[in-house]
>>> print(open('query.cif').read())   # mmCIF, C-alpha atoms
data_work
loop_
_atom_site.label_atom_id
_atom_site.label_comp_id
_atom_site.auth_asym_id
_atom_site.auth_seq_id
_atom_site.Cartn_x
_atom_site.Cartn_y
_atom_site.Cartn_z
CA MET A 1 7.39 32.56 -28.51
CA GLU A 2 4.68 30.45 -26.92
CA ARG A 3 5.76 26.81 -26.55
CA ILE A 4 3.79 23.97 -28.18
CA ILE A 5 4.51 20.52 -26.78
CA LEU A 6 3.16 17.20 -28.07
CA HIS A 7 3.02 14.05 -25.94
CA ILE A 8 2.40 10.66 -27.54
CA ASP A 9 1.61 7.45 -25.67
CA MET A 10 0.91 4.09 -27.29
CA ASP A 11 -2.38 2.53 -26.15
CA TYR A 12 -1.93 -0.48 -23.79
CA PHE A 13 1.34 -1.10 -25.66
CA PHE A 14 2.45 -4.64 -24.74
CA ALA A 15 -1.08 -6.06 -24.83
CA GLN A 16 -1.86 -4.28 -28.12
CA ILE A 17 1.23 -5.84 -29.74
CA GLU A 18 0.04 -9.25 -28.53
CA GLU A 19 -3.39 -8.58 -30.10
CA ARG A 20 -1.71 -7.61 -33.36
CA GLU A 21 0.42 -10.76 -33.37
CA ASN A 22 -2.54 -12.99 -32.39
CA PRO A 23 -5.73 -11.60 -33.99
CA HIS A 24 -7.86 -14.28 -32.25
CA PHE A 25 -7.14 -12.45 -28.93
CA LYS A 26 -9.14 -9.44 -30.13
CA GLY A 27 -12.11 -8.65 -27.88
CA LYS A 28 -10.82 -10.83 -25.03
CA PRO A 29 -9.27 -9.60 -21.76
CA ILE A 30 -5.47 -9.79 -22.06
CA VAL A 31 -3.02 -9.40 -19.19
CA VAL A 32 0.73 -9.20 -19.83
CA GLY A 33 2.97 -9.83 -16.84
CA ALA A 34 4.09 -12.47 -14.39
CA ASP A 35 2.71 -16.02 -14.33
CA PRO A 36 -0.47 -15.91 -12.17
CA LYS A 37 0.08 -19.55 -11.09
CA GLY A 38 -3.63 -20.08 -10.54
CA GLY A 39 -3.87 -16.99 -8.31
CA LYS A 40 -0.70 -17.75 -6.32
CA GLY A 41 1.78 -15.86 -8.54
CA ARG A 42 3.91 -13.19 -6.88
CA GLY A 43 4.72 -10.80 -9.74
CA VAL A 44 2.80 -7.86 -11.18
CA VAL A 45 0.74 -6.82 -14.21
CA SER A 46 2.92 -5.02 -16.78
CA THR A 47 -0.02 -3.91 -18.89
CA CYS A 48 -3.49 -5.05 -19.92
CA ASN A 49 -5.99 -4.22 -22.64
CA TYR A 50 -9.22 -2.28 -22.16
CA GLU A 51 -11.27 -5.49 -21.98
CA ALA A 52 -9.25 -6.52 -18.90
CA ARG A 53 -9.60 -3.02 -17.42
CA LYS A 54 -13.38 -3.49 -17.35
CA TYR A 55 -12.71 -6.04 -14.57
CA GLY A 56 -10.68 -3.51 -12.57
CA ILE A 57 -7.25 -4.83 -13.64
CA ARG A 58 -4.51 -2.19 -13.80
CA SER A 59 -0.75 -1.94 -14.52
CA GLY A 60 1.38 -2.53 -11.43
CA MET A 61 -1.36 -4.59 -9.73
CA PRO A 62 -0.29 -7.90 -8.12
CA ILE A 63 -0.83 -10.64 -10.69
CA SER A 64 -2.67 -12.73 -8.05
CA LYS A 65 -5.28 -9.97 -7.69
CA ALA A 66 -5.65 -9.70 -11.48
CA TYR A 67 -6.28 -13.46 -11.62
CA TRP A 68 -8.84 -13.17 -8.83
CA LEU A 69 -10.63 -10.33 -10.68
CA CYS A 70 -10.72 -12.22 -14.01
CA PRO A 71 -9.49 -15.83 -13.98
CA ASP A 72 -10.70 -16.27 -17.59
CA ALA A 73 -8.38 -13.55 -18.93
CA ILE A 74 -5.55 -14.52 -21.29
CA PHE A 75 -2.39 -14.21 -19.17
CA LEU A 76 0.76 -13.79 -21.27
CA PRO A 77 4.45 -13.59 -20.32
CA VAL A 78 6.40 -10.41 -21.11
CA ASN A 79 8.11 -10.68 -24.52
CA ILE A 80 10.43 -7.71 -23.97
CA GLU A 81 12.62 -8.39 -27.05
CA LEU A 82 9.58 -8.11 -29.35
CA TYR A 83 8.27 -4.98 -27.59
CA GLN A 84 11.69 -3.28 -27.85
CA LYS A 85 11.89 -3.98 -31.60
CA VAL A 86 8.41 -2.51 -32.15
CA SER A 87 9.28 0.47 -29.93
CA GLU A 88 12.41 1.22 -31.99
CA LYS A 89 10.34 1.32 -35.20
CA ILE A 90 7.76 3.62 -33.61
CA MET A 91 10.35 6.00 -32.17
CA GLU A 92 12.06 6.25 -35.58
CA ILE A 93 8.71 7.53 -36.92
CA VAL A 94 8.29 9.93 -33.94
CA LYS A 95 11.78 11.46 -34.45
CA LYS A 96 10.90 12.51 -38.03
CA TYR A 97 8.32 15.02 -36.77
CA SER A 98 10.66 17.28 -34.77
CA PRO A 99 14.43 17.60 -34.23
CA THR A 100 13.66 18.16 -30.52
CA TYR A 101 12.25 14.96 -29.08
CA GLU A 102 12.42 13.18 -25.73
CA ILE A 103 11.79 9.43 -25.51
CA VAL A 104 10.78 8.66 -21.92
CA SER A 105 9.89 4.96 -22.16
CA LEU A 106 9.31 2.22 -24.73
CA ASP A 107 5.87 3.62 -25.56
CA GLU A 108 5.97 7.32 -24.70
CA ALA A 109 7.66 10.46 -26.07
CA TYR A 110 7.50 14.26 -26.20
CA LEU A 111 8.03 16.49 -29.24
CA ASP A 112 8.66 20.24 -29.19
CA LEU A 113 6.44 21.63 -31.96
CA THR A 114 6.95 25.33 -31.16
CA ASP A 115 8.14 25.86 -34.75
CA CYS A 116 4.59 25.06 -35.93
CA LYS A 117 3.69 28.52 -34.52
CA SER A 118 0.04 27.53 -33.98
CA PHE A 119 -1.86 24.85 -32.10
CA GLU A 120 -3.97 24.19 -35.22
CA LYS A 121 -0.86 23.24 -37.22
CA ALA A 122 0.45 21.18 -34.29
CA LYS A 123 -2.86 19.28 -34.22
CA LYS A 124 -2.40 18.35 -37.89
CA VAL A 125 1.11 17.09 -37.08
CA GLY A 126 -0.36 14.97 -34.25
CA GLU A 127 -3.01 13.50 -36.58
CA LYS A 128 -0.39 12.73 -39.22
CA LEU A 129 1.91 11.08 -36.64
CA LYS A 130 -0.89 8.88 -35.29
CA ARG A 131 -1.91 7.91 -38.82
CA GLU A 132 1.64 6.99 -39.89
CA ILE A 133 2.19 4.79 -36.81
CA PHE A 134 -1.10 3.02 -37.43
CA GLU A 135 -0.43 2.49 -41.15
CA LYS A 136 3.07 1.13 -40.58
CA GLU A 137 2.69 -0.74 -37.28
CA LYS A 138 -1.09 -1.37 -37.04
CA LEU A 139 -1.08 0.06 -33.49
CA THR A 140 -3.16 2.92 -32.07
CA SER A 141 -1.77 5.77 -29.99
CA THR A 142 -3.05 8.82 -28.15
CA VAL A 143 -1.72 12.36 -28.49
CA GLY A 144 -1.98 15.34 -26.15
CA ILE A 145 -0.86 18.85 -27.12
CA GLY A 146 -0.37 21.74 -24.71
CA PRO A 147 1.85 24.70 -23.79
CA ASN A 148 4.17 22.47 -21.71
CA LYS A 149 4.99 18.83 -20.89
CA THR A 150 2.63 18.60 -17.89
CA ILE A 151 -0.44 19.81 -19.80
CA ALA A 152 0.42 17.72 -22.88
CA LYS A 153 0.75 14.55 -20.78
CA MET A 154 -2.50 15.23 -18.91
CA ALA A 155 -4.29 15.88 -22.22
CA THR A 156 -3.08 12.47 -23.44
CA GLU A 157 -4.47 10.76 -20.33
CA LYS A 158 -7.87 12.38 -20.87
CA ALA A 159 -7.97 11.51 -24.60
CA LYS A 160 -7.21 7.76 -24.19
CA PRO A 161 -7.65 5.47 -26.03
CA ASN A 162 -6.82 6.38 -29.64
CA GLY A 163 -7.64 10.07 -29.16
CA LEU A 164 -6.12 13.51 -29.67
CA LEU A 165 -6.72 16.46 -27.35
CA VAL A 166 -5.36 20.00 -27.69
CA ILE A 167 -5.28 22.31 -24.66
CA LYS A 168 -4.41 25.90 -25.60
CA PRO A 169 -2.90 28.29 -23.01
CA ASN A 170 -6.25 30.08 -22.48
CA GLN A 171 -7.93 26.68 -21.78
CA VAL A 172 -5.45 25.45 -19.14
CA LYS A 173 -7.30 26.80 -16.07
CA GLU A 174 -10.67 25.43 -17.20
CA PHE A 175 -9.06 22.06 -18.08
CA LEU A 176 -7.17 21.61 -14.80
CA GLU A 177 -9.50 22.81 -12.05
CA PRO A 178 -12.22 20.09 -12.19
CA LEU A 179 -9.67 17.23 -12.30
CA ASP A 180 -8.82 14.99 -9.34
CA ILE A 181 -5.54 15.76 -7.56
CA ASP A 182 -4.04 12.40 -8.56
CA ASP A 183 -4.49 13.34 -12.24
CA LEU A 184 -1.62 15.79 -11.70
CA PRO A 185 1.81 14.32 -12.59
CA GLY A 186 3.95 14.14 -9.46
CA ILE A 187 1.07 13.34 -7.10
CA GLY A 188 1.35 9.66 -6.20
CA PRO A 189 -0.90 7.64 -3.86
CA LYS A 190 0.86 8.74 -0.64
CA THR A 191 0.83 12.44 -1.56
CA ALA A 192 -2.84 12.19 -2.60
CA GLU A 193 -3.67 10.49 0.71
CA LYS A 194 -2.08 13.33 2.70
CA LEU A 195 -3.98 15.94 0.68
CA ARG A 196 -7.31 14.11 0.93
CA ALA A 197 -6.82 13.92 4.71
CA ILE A 198 -7.08 17.75 4.80
CA GLY A 199 -10.07 17.86 2.43
CA ILE A 200 -8.22 18.49 -0.85
CA ASN A 201 -9.69 16.31 -3.62
CA LYS A 202 -9.72 18.46 -6.76
CA ILE A 203 -7.03 20.61 -8.40
CA LYS A 204 -9.27 23.66 -7.85
CA GLU A 205 -9.08 22.99 -4.07
CA LEU A 206 -5.34 22.28 -4.29
CA LYS A 207 -4.78 25.77 -5.72
CA LYS A 208 -6.07 27.27 -2.46
CA LEU A 209 -2.99 25.98 -0.61
CA SER A 210 -0.06 28.38 -0.53
CA LYS A 211 3.35 27.49 -1.92
CA SER A 212 4.84 27.66 1.59
CA LYS A 213 2.18 25.24 2.92
CA LEU A 214 2.89 22.70 0.15
CA LYS A 215 6.65 23.06 0.73
CA GLU A 216 6.08 22.47 4.44
CA MET A 217 4.08 19.32 3.63
CA PHE A 218 6.19 17.84 0.83
CA GLY A 219 9.52 19.69 0.67
CA LYS A 220 10.83 20.65 -2.79
CA VAL A 221 8.18 18.49 -4.47
CA GLY A 222 5.54 20.76 -2.90
CA GLU A 223 6.83 23.70 -4.94
CA ARG A 224 6.51 21.67 -8.14
CA ILE A 225 2.95 20.63 -7.19
CA TRP A 226 2.04 24.31 -6.62
CA GLU A 227 3.33 25.21 -10.11
CA ARG A 228 1.76 22.26 -11.91
CA ALA A 229 -1.64 22.90 -10.31
CA ARG A 230 -1.49 26.27 -12.12
CA GLY A 231 -0.30 24.75 -15.39
CA ILE A 232 3.25 26.08 -14.96
CA ASP A 233 6.03 23.81 -16.24
CA GLU A 234 9.23 25.24 -17.72
CA GLU A 235 10.94 21.85 -18.15
CA PRO A 236 12.35 21.62 -21.69
CA VAL A 237 11.94 18.72 -24.09
CA GLU A 238 15.42 17.23 -23.99
CA SER A 239 16.64 15.07 -26.84
CA GLU A 240 17.53 11.92 -25.02
CA GLU A 241 16.79 8.26 -25.57
CA VAL A 242 14.86 5.75 -23.42
CA ILE A 243 15.73 5.72 -19.72
CA LYS A 244 18.60 3.23 -19.48
CA SER A 245 18.82 3.02 -15.70
CA ILE A 246 16.95 3.88 -12.51
CA GLY A 247 18.64 4.38 -9.17
CA ARG A 248 18.50 5.75 -5.64
CA GLN A 249 21.05 6.28 -2.91
CA ILE A 250 20.83 7.46 0.69
CA THR A 251 23.54 8.89 2.95
CA PHE A 252 23.22 7.95 6.63
CA GLU A 253 23.12 10.75 9.21
CA LYS A 254 25.96 8.96 11.01
CA ASP A 255 28.30 6.29 9.62
CA THR A 256 26.96 2.94 10.78
CA ARG A 257 27.48 -0.82 11.00
CA ASN A 258 23.99 -1.49 12.36
CA PRO A 259 22.55 -4.18 10.02
CA ARG A 260 18.96 -3.46 11.08
CA LEU A 261 19.34 0.23 10.16
CA ILE A 262 21.23 -0.53 6.92
CA PHE A 263 18.71 -3.12 5.67
CA GLY A 264 15.77 -0.98 6.84
CA ILE A 265 16.96 1.95 4.69
CA PHE A 266 17.79 -0.42 1.82
CA GLU A 267 14.20 -1.75 1.92
CA LYS A 268 12.97 1.83 1.38
CA ILE A 269 15.38 2.28 -1.57
CA LEU A 270 14.20 -1.03 -3.09
CA LYS A 271 10.53 0.03 -2.92
CA GLU A 272 11.22 3.47 -4.46
CA VAL A 273 13.28 2.02 -7.32
CA TYR A 274 10.65 -0.65 -7.98
CA GLN A 275 7.81 1.90 -7.99
CA GLU A 276 9.66 3.93 -10.64
CA LEU A 277 10.29 0.73 -12.63
CA VAL A 278 6.58 -0.06 -12.73
CA GLU A 279 5.57 3.54 -13.51
CA ASN A 280 7.95 3.59 -16.51
CA ASN A 281 7.14 0.01 -17.58
CA PHE A 282 10.87 -0.59 -17.24
CA PHE A 283 12.62 -3.96 -17.10
CA PHE A 284 15.95 -4.63 -15.41
CA ARG A 285 18.70 -7.04 -16.24
CA THR A 286 21.64 -5.70 -14.24
CA ILE A 287 21.33 -4.94 -10.51
CA THR A 288 24.08 -2.83 -8.95
CA VAL A 289 24.49 -2.07 -5.25
CA ILE A 290 26.66 0.90 -4.24
CA CYS A 291 28.40 1.14 -0.88
CA ARG A 292 30.48 4.10 0.37
CA TYR A 293 32.51 3.65 3.52
CA GLN A 294 33.53 6.10 6.26
CA ASN A 295 36.66 7.21 4.37
CA PHE A 296 34.64 7.96 1.17
CA GLU A 297 35.97 4.78 -0.44
CA THR A 298 33.18 3.69 -2.83
CA HIS A 299 32.58 0.20 -4.21
CA THR A 300 29.91 -1.45 -6.37
CA LYS A 301 28.76 -5.04 -6.80
CA SER A 302 26.57 -6.16 -9.71
CA LYS A 303 24.50 -9.11 -10.83
CA THR A 304 23.29 -9.60 -14.41
CA LEU A 305 20.23 -11.81 -14.94
CA LYS A 306 19.82 -14.20 -17.87
CA GLN A 307 16.51 -12.55 -18.83
CA PRO A 308 15.12 -9.03 -18.28
CA SER A 309 12.73 -9.01 -15.33
CA GLN A 310 10.12 -6.81 -13.65
CA ASP A 311 9.77 -9.04 -10.58
CA PHE A 312 10.11 -7.33 -7.18
CA ILE A 313 10.97 -10.62 -5.46
CA VAL A 314 13.92 -11.17 -7.84
CA LEU A 315 15.12 -7.59 -7.40
CA LYS A 316 14.89 -7.73 -3.60
CA LYS A 317 16.57 -11.14 -3.27
CA GLU A 318 19.53 -10.39 -5.58
CA ALA A 319 20.09 -6.83 -4.32
CA LYS A 320 20.08 -7.92 -0.66
CA LYS A 321 22.60 -10.68 -1.45
CA LEU A 322 24.95 -8.05 -2.92
CA LEU A 323 24.50 -5.75 0.08
CA LEU A 324 25.17 -8.60 2.51
CA LYS A 325 28.50 -9.28 0.77
CA PHE A 326 29.60 -5.71 1.59
CA LEU A 327 28.77 -6.18 5.27
CA LEU A 328 30.59 -9.52 5.47
CA GLU A 329 33.69 -8.50 3.50
CA ASN A 330 34.43 -5.11 5.03
CA LYS A 331 34.11 -4.13 8.70
CA LYS A 332 34.36 -0.36 8.13
CA PRO A 333 31.37 1.86 9.05
CA ILE A 334 29.12 2.63 6.06
CA ARG A 335 28.36 6.20 4.97
CA LEU A 336 26.06 5.63 1.95
CA ILE A 337 24.17 2.81 0.25
CA GLY A 338 22.51 2.83 -3.16
CA LEU A 339 20.82 0.70 -5.80
CA ARG A 340 20.83 1.05 -9.58
CA VAL A 341 19.10 -1.16 -12.13
CA LYS A 342 19.47 -1.13 -15.90
CA ILE A 343 18.21 -3.13 -18.82
#
>>> encode(input="query.cif", output="structure tokens")
Amino acid sequence: MERIILHIDMDYFFAQIEERENPHFKGKPIVVGADPKGGKGRGVVSTCNYEARKYGIRSGMPISKAYWLCPDAIFLPVNIELYQKVSEKIMEIVKKYSPTYEIVSLDEAYLDLTDCKSFEKAKKVGEKLKREIFEKEKLTSTVGIGPNKTIAKMATEKAKPNGLLVIKPNQVKEFLEPLDIDDLPGIGPKTAEKLRAIGINKIKELKKLSKSKLKEMFGKVGERIWERARGIDEEPVESEEVIKSIGRQITFEKDTRNPRLIFGIFEKILKEVYQELVENNFFFRTITVICRYQNFETHTKSKTLKQPSQDFIVLKKEAKKLLLKFLLENKKPIRLIGLRVKI
């Protein structure tokens, strides 16, 4: 049976909740994130409304740049407790529409609607879901429907804000080919840069590269890019709740005590974890550093913050303090280091 997958994403979620709670904000540029401190703030933008986006402000952007682009915007702190409560109510609505659901963040989920047996029926389910969320929570959302998770998610992106787009299997090729390469999930800024350097700008051009060439350029990820460029994605919708933690770990080629090497690798881990945090609009409260020594003895050290945070400076400072403790307390060569954050 042909799969039918629905992807739902709340529109500018945090900022939209703030508009709902404060109707006088409506029509004004709103930025939710770190304190801009008159353009000297060091955090990032968590989300912003479409009025703010007209000024070029985007999620993940340094808050100082957002302030520079629009100093008259309303800058609000992140009220994560409120957003989590609203998210729980929305996801309870989402779960009613299919027994097979996957919640991927506070404001985003997939539903497997294969049992609908037609894309027309699935579209009606999507319309009903959007309507129920709006009636009960006074918040708009966007829905994408396709034969797999990749196409459904991309359809959502193209239908934003407050839209619904269905891409049937026979429309996939026509839908994908004119799009920019960075519209494809899995292609981040660095990957896009490498592809643009060899003249690949559109998905149609990307399809001309062989699977072996993409694997040579990007390893295992290259194989996934090759498949997604053709609309192939067999990944199932897995019934799991919001991501609770994000982590990375790296094993050294040789066991080492070299602090420059250890902290250099740890810097890379920090940046990767933080990038995933921002992409998933994820906040951390507990920071855990993992250290495995030469004899495979593994230890962890953790720090729990008073408030959930999305601040890279806080993450870096606290995580490095924990790593330094390992180096000072134990003189054994280190085999592996890792970092995990959870809410």
>>> resolve_selection(input="query.cif", expression="the PyMOL selection byres ((chain A and resi 140) around 10)", output="PyMOL selection string")
chain A and resi 9-13+16+130-131+133-135+137-139+141-142+161-163
>>> write_last_selection(input="query.cif", atoms="C-alpha atoms", output="short mmCIF file (atom, residue, chain, number, x, y, z; two decimals), in the coordinates of the input")
data_model
loop_
_atom_site.label_atom_id
_atom_site.label_comp_id
_atom_site.auth_asym_id
_atom_site.auth_seq_id
_atom_site.Cartn_x
_atom_site.Cartn_y
_atom_site.Cartn_z
CA ASP A 9 1.61 7.45 -25.67
CA MET A 10 0.91 4.09 -27.29
CA ASP A 11 -2.38 2.53 -26.15
CA TYR A 12 -1.93 -0.48 -23.79
CA PHE A 13 1.34 -1.10 -25.66
CA GLN A 16 -1.86 -4.28 -28.12
CA LYS A 130 -0.89 8.88 -35.29
CA ARG A 131 -1.91 7.91 -38.82
CA ILE A 133 2.19 4.79 -36.81
CA PHE A 134 -1.10 3.02 -37.43
CA GLU A 135 -0.43 2.49 -41.15
CA GLU A 137 2.69 -0.74 -37.28
CA LYS A 138 -1.09 -1.37 -37.04
CA LEU A 139 -1.08 0.06 -33.49
CA SER A 141 -1.77 5.77 -29.99
CA THR A 142 -3.05 8.82 -28.15
CA PRO A 161 -7.65 5.47 -26.03
CA ASN A 162 -6.82 6.38 -29.64
CA GLY A 163 -7.64 10.07 -29.16
#
>>> resolve_selection(input="query.cif", expression="the PyMOL selection byres ((chain A and resi 293) around 7)", output="PyMOL selection string")
chain A and resi 291-292+294-298+332-336
>>> residues_around(input="query.cif", residues="range 265-278 of chain A", least_positions_apart="2", cutoff="8 Å", atoms="only C-alpha atoms", output="PyMOL selection string")
chain A and resi 46+59-60+246-250+261-263+280-283+310+312+315-316+337-340
>>> write_last_selection(input="query.cif", atoms="C-alpha atoms", output="mmCIF file, in the frame of the given file")
data_model
loop_
_atom_site.group_PDB
_atom_site.id
_atom_site.type_symbol
_atom_site.label_atom_id
_atom_site.label_comp_id
_atom_site.auth_asym_id
_atom_site.auth_seq_id
_atom_site.Cartn_x
_atom_site.Cartn_y
_atom_site.Cartn_z
ATOM 1 C CA SER A 46 2.920 -5.020 -16.780
ATOM 2 C CA SER A 59 -0.750 -1.940 -14.520
ATOM 3 C CA GLY A 60 1.380 -2.530 -11.430
ATOM 4 C CA ILE A 246 16.950 3.880 -12.510
ATOM 5 C CA GLY A 247 18.640 4.380 -9.170
ATOM 6 C CA ARG A 248 18.500 5.750 -5.640
ATOM 7 C CA GLN A 249 21.050 6.280 -2.910
ATOM 8 C CA ILE A 250 20.830 7.460 0.690
ATOM 9 C CA LEU A 261 19.340 0.230 10.160
ATOM 10 C CA ILE A 262 21.230 -0.530 6.920
ATOM 11 C CA PHE A 263 18.710 -3.120 5.670
ATOM 12 C CA ASN A 280 7.950 3.590 -16.510
ATOM 13 C CA ASN A 281 7.140 0.010 -17.580
ATOM 14 C CA PHE A 282 10.870 -0.590 -17.240
ATOM 15 C CA PHE A 283 12.620 -3.960 -17.100
ATOM 16 C CA GLN A 310 10.120 -6.810 -13.650
ATOM 17 C CA PHE A 312 10.110 -7.330 -7.180
ATOM 18 C CA LEU A 315 15.120 -7.590 -7.400
ATOM 19 C CA LYS A 316 14.890 -7.730 -3.600
ATOM 20 C CA ILE A 337 24.170 2.810 0.250
ATOM 21 C CA GLY A 338 22.510 2.830 -3.160
ATOM 22 C CA LEU A 339 20.820 0.700 -5.800
ATOM 23 C CA ARG A 340 20.830 1.050 -9.580
#
>>> residues_around(input="query.cif", residues="Thr150 in chain A", least_positions_apart="3", cutoff="7 Å", atoms="all atoms listed in the file", output="list in words")
Lys153, Met154, Pro185 and Asp233 of chain A
>>> closest_residue(input="query.cif", among="A:Lys213, A:Lys54, A:His299, A:Arg3", to="Ile30 in chain A", atoms="all atoms listed in the file")
A:Lys54
>>> resolve_selection(input="query.cif", expression="the PyMOL selection byres ((chain A and resi 305) around 9)", output="PyMOL selection string")
chain A and resi 284-287+303-304+306-309
>>> residues_around(input="query.cif", residues="Val143 in chain A", least_positions_apart="6", cutoff="10 Å", atoms="all atoms listed in the file", output="list in words")
Leu6, His7, Ile8, Asp9, Met10, Glu108, Ala109, Tyr110, Lys123, Gly126, Glu127, Leu129, Lys130, Ala152, Lys153, Ala155, Thr156, Glu157, Lys158, Ala159, Lys160, Pro161, Asn162, Gly163, Leu164, Leu165 and Val166 of chain A
>>> closest_residue(input="query.cif", among="A:Ile5, A:Leu184, A:Leu82, A:Ile290", to="Asn148 in chain A", atoms="only C-alpha atoms")
A:Ile5
